[in-house]
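Undergrad: I am attaching a structure below and will ask some questions about it afterwards.
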Amino acid sequence: MRRTSRTVVLTIAVVAGIVEAGFAQSPFEGGPDWSRDGAEGGQALGASTATAGDVDGDGFSDFLVGSPGFDAGGAVDAGRVELFFGRSGGPAQAPDWVFVGTEAGARVGFAVGAAGDFDGDGFGDVLVGVPGADGGGADAGAALLFLGSPTGLGDSPDLVLVGPAPGDAFGSTVAGAGDVNGDGLADVLVGAPGPDAGPGGGRAFLHLGTTAGVATAAAWTGASSAAGARFGTSVATGGDLDADGFSDFAVGVPGLDGVTAPDVGGVL
């Protein structure tokens with residue numbers, strides 16, 4: 001549960017389909033089509049942004065904005081996530097859905113991402129990373145899955161994935177994986193680049209989509225035993241790279257040491 005020292009209030013701007021953070025003025029002709037400012041010092045609105053897919057099935061894409069430094073009452077850096085519905089004429093100024101953390105230092109919204117249709121109901125689902133959550137031990141982290149519906153997202157997560165060990169920082173990165181096993185359901189990736197299998201070795205987890213509505217163990221776990229490797233710092237779908245009908249994915253390992261130099265990094 002680490003307190004950040006940020007004091008800047010960030011701005012999110014959407015310009016002709018491009019999201020940019022922190023610009024006082026848009027470098028694009030005509031300026032932004034939409035913008036939103038943070039409301040409190042250290043909120044760090046826009047630390048994460050991502051498409052949400054179409055969570056309410058109205059034919060418009062929706063998008064997510066994270067504020068991991070948001071203070072909820074006395075809970076410093078509890079974090080916050082906002083969802084904005086796409087609509088004709090662009091998104092509204094006020095968010096259509098808000099989820100606020102309650103645990104100090106949890107940093108809800110440190111990472112956000114579209115999960116795809118995890119439960120096969122035809123609505124887009126979303127992931128929210130909470131790397132400072134203490135449910136699995138100090139800073140073990142968590143990832144929250146919210147399922148889409150005709151009315152959008154619910155007030156509470158439909159699935160909570162908890163980091164397996166203290167210091168994992170599980171949820172530092174989240175992403176949809178596509179459909180890696182060809183069952184027609186979207187699968188999800190969660191990175192945990194904190195100290196595991198060696199100081200800072202890191203891990204990444206793949207969870208398969210399900211219609212059962214219950215948490216399942218990771219179908220795949222990758223890890224590094226190299227100190228400082230930070231395996232899982234980034235995770236992403238690769239699409240179907242070999243055209244075999246199954247989605248592929250990538251994991252970043254930026255702290256990997258080379259034979260002759262440190263921190264050369266790598267991707268798997």
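Every chain in the structure tokens takes a letter, A first, then B, and so on in the order presented; its residues are numbered from 1, and the ligands are numbered from 1 following the presented order.
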Just want the 10 Å neighbourhood of Asp240 (chain A), counted on only C-alpha atoms, with same-chain residues fewer than 6 positions away dropped. Output as a list in words.
TA: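 Contacts, in chain order: Gly178, Asp179, Val180, Phe246, Ser247, Asp248 and Phe249 of chain A.
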Undergrad: Could you take the residues named above and write them with N, CA and C atoms, as a compact mmCIF listing (two decimals), in the first residue's frame?
TA:
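The resulting file, part_9.txt, is reproduced below:
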```txt
# COMPACT_ATOMS: atom_id res chain seq x y z
N GLY A 178 -8.30 -12.55 -26.47
CA GLY A 178 -8.97 -13.20 -27.59
C GLY A 178 -9.46 -14.57 -27.14
N ASP A 179 -9.69 -15.45 -28.09
CA ASP A 179 -10.18 -16.80 -27.77
C ASP A 179 -9.06 -17.80 -28.02
N VAL A 180 -8.30 -18.11 -26.96
CA VAL A 180 -7.10 -18.92 -27.15
C VAL A 180 -7.39 -20.41 -27.30
N PHE A 246 -6.89 -20.10 -33.54
CA PHE A 246 -6.79 -19.82 -32.11
C PHE A 246 -6.03 -18.52 -31.89
N SER A 247 -6.48 -17.73 -30.91
CA SER A 247 -5.80 -16.47 -30.62
C SER A 247 -4.48 -16.73 -29.90
N ASP A 248 -3.53 -15.88 -30.17
CA ASP A 248 -2.21 -15.93 -29.56
C ASP A 248 -2.03 -14.68 -28.69
N PHE A 249 -1.03 -14.69 -27.80
CA PHE A 249 -0.82 -13.54 -26.93
C PHE A 249 0.65 -13.34 -26.63
```
Undergrad: Check which residues of region 35-80 of chain A sit at most 12 Å from region 160-176 of chain A using only C-alpha atoms, and return one row each with the closest pair of atoms and their distance in Å to one decimal, ordered by chain and rising number, as JSON lines.
TA:
```
{"residue": "A:Ala47", "atom": "CA", "partner": "A:Ser172", "partner_atom": "CA", "distance": 11.8}
{"residue": "A:Ser48", "atom": "CA", "partner": "A:Thr173", "partner_atom": "CA", "distance": 9.9}
{"residue": "A:Thr49", "atom": "CA", "partner": "A:Val174", "partner_atom": "CA", "distance": 11.6}
{"residue": "A:Ala50", "atom": "CA", "partner": "A:Ala175", "partner_atom": "CA", "distance": 9.7}
{"residue": "A:Thr51", "atom": "CA", "partner": "A:Ala175", "partner_atom": "CA", "distance": 10.7}
{"residue": "A:Ala52", "atom": "CA", "partner": "A:Gly176", "partner_atom": "CA", "distance": 10.3}
{"residue": "A:Gly53", "atom": "CA", "partner": "A:Gly176", "partner_atom": "CA", "distance": 10.6}
{"residue": "A:Pro68", "atom": "CA", "partner": "A:Ser172", "partner_atom": "CA", "distance": 11.0}
```
Undergrad: Could the residues in this selection be saved with all heavy atoms as a PDB file, in the first residue's frame?
TA:
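Result file selection_18.pdb:
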```pdb
ATOM      1  N   ALA A  47      -4.375   7.863 -16.025  1.00  0.00           N
ATOM      2  CA  ALA A  47      -3.218   6.986 -15.900  1.00  0.00           C
ATOM      3  C   ALA A  47      -3.424   5.710 -16.702  1.00  0.00           C
ATOM      4  O   ALA A  47      -2.466   5.075 -17.153  1.00  0.00           O
ATOM      5  CB  ALA A  47      -2.968   6.655 -14.432  1.00  0.00           C
ATOM      6  N   SER A  48      -4.680   5.334 -16.891  1.00  0.00           N
ATOM      7  CA  SER A  48      -5.015   4.219 -17.782  1.00  0.00           C
ATOM      8  C   SER A  48      -6.264   4.594 -18.573  1.00  0.00           C
ATOM      9  O   SER A  48      -7.173   5.237 -18.043  1.00  0.00           O
ATOM     10  CB  SER A  48      -5.250   2.927 -16.994  1.00  0.00           C
ATOM     11  OG  SER A  48      -6.336   3.085 -16.090  1.00  0.00           O
ATOM     12  N   THR A  49      -6.287   4.233 -19.824  1.00  0.00           N
ATOM     13  CA  THR A  49      -7.458   4.412 -20.682  1.00  0.00           C
ATOM     14  C   THR A  49      -7.535   3.225 -21.629  1.00  0.00           C
ATOM     15  O   THR A  49      -6.506   2.656 -22.011  1.00  0.00           O
ATOM     16  CB  THR A  49      -7.383   5.706 -21.529  1.00  0.00           C
ATOM     17  OG1 THR A  49      -6.215   5.641 -22.370  1.00  0.00           O
ATOM     18  CG2 THR A  49      -7.297   6.940 -20.656  1.00  0.00           C
ATOM     19  N   ALA A  50      -8.739   2.843 -21.998  1.00  0.00           N
ATOM     20  CA  ALA A  50      -8.893   1.715 -22.920  1.00  0.00           C
ATOM     21  C   ALA A  50     -10.317   1.656 -23.442  1.00  0.00           C
ATOM     22  O   ALA A  50     -11.258   2.125 -22.780  1.00  0.00           O
ATOM     23  CB  ALA A  50      -8.562   0.386 -22.225  1.00  0.00           C
ATOM     24  N   THR A  51     -10.473   1.084 -24.609  1.00  0.00           N
ATOM     25  CA  THR A  51     -11.816   0.760 -25.055  1.00  0.00           C
ATOM     26  C   THR A  51     -12.417  -0.277 -24.122  1.00  0.00           C
ATOM     27  O   THR A  51     -11.703  -1.125 -23.572  1.00  0.00           O
ATOM     28  CB  THR A  51     -11.819   0.230 -26.491  1.00  0.00           C
ATOM     29  OG1 THR A  51     -13.183  -0.050 -26.885  1.00  0.00           O
ATOM     30  CG2 THR A  51     -11.002  -1.050 -26.622  1.00  0.00           C
ATOM     31  N   ALA A  52     -13.723  -0.203 -23.958  1.00  0.00           N
ATOM     32  CA  ALA A  52     -14.438  -1.193 -23.157  1.00  0.00           C
ATOM     33  C   ALA A  52     -15.178  -2.187 -24.035  1.00  0.00           C
ATOM     34  O   ALA A  52     -15.794  -3.120 -23.527  1.00  0.00           O
ATOM     35  CB  ALA A  52     -15.430  -0.496 -22.228  1.00  0.00           C
ATOM     36  N   GLY A  53     -15.101  -1.986 -25.359  1.00  0.00           N
ATOM     37  CA  GLY A  53     -15.996  -2.723 -26.234  1.00  0.00           C
ATOM     38  C   GLY A  53     -17.379  -2.099 -26.139  1.00  0.00           C
ATOM     39  O   GLY A  53     -17.547  -0.959 -25.709  1.00  0.00           O
ATOM     40  N   PRO A  68      -5.997   5.937 -10.559  1.00  0.00           N
ATOM     41  CA  PRO A  68      -5.511   5.120  -9.437  1.00  0.00           C
ATOM     42  C   PRO A  68      -5.098   5.914  -8.205  1.00  0.00           C
ATOM     43  O   PRO A  68      -4.956   5.342  -7.130  1.00  0.00           O
ATOM     44  CB  PRO A  68      -4.310   4.385 -10.037  1.00  0.00           C
ATOM     45  CG  PRO A  68      -3.870   5.252 -11.173  1.00  0.00           C
ATOM     46  CD  PRO A  68      -5.118   5.852 -11.732  1.00  0.00           C
TER      47      PRO A  68
END
```
Undergrad: What is the distance, in Å and to one decimal place, between CA of Pro150 (chain A) and CA of Pro95 (chain A)?
TA: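 Interatomic distance, CA of Pro150 (chain A) to CA of Pro95 (chain A): 16.8 Å.
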Undergrad: Between A:Ala217, A:Ala223, A:Val65, A:Val76, which has the minimum distance to Leu268 (chain A) (counting only C-alpha atoms)?
TA: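 Answer, going by the shortest atom-to-atom distance: A:Ala223.
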Undergrad: One number please: CA of Ala204 (chain A) to CA of Gly255 (chain A), in Å, one decimal.
TA: 14.5 Å
Undergrad: So which one's closest to Ser67 (chain A), A:Ala44, A:Val55, A:Leu145, A:Val98? Using only C-alpha atoms, please.
TA: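 Between A:Ala44, A:Val55, A:Leu145, A:Val98, the residue approaching Ser67 (chain A) most closely is A:Ala44.
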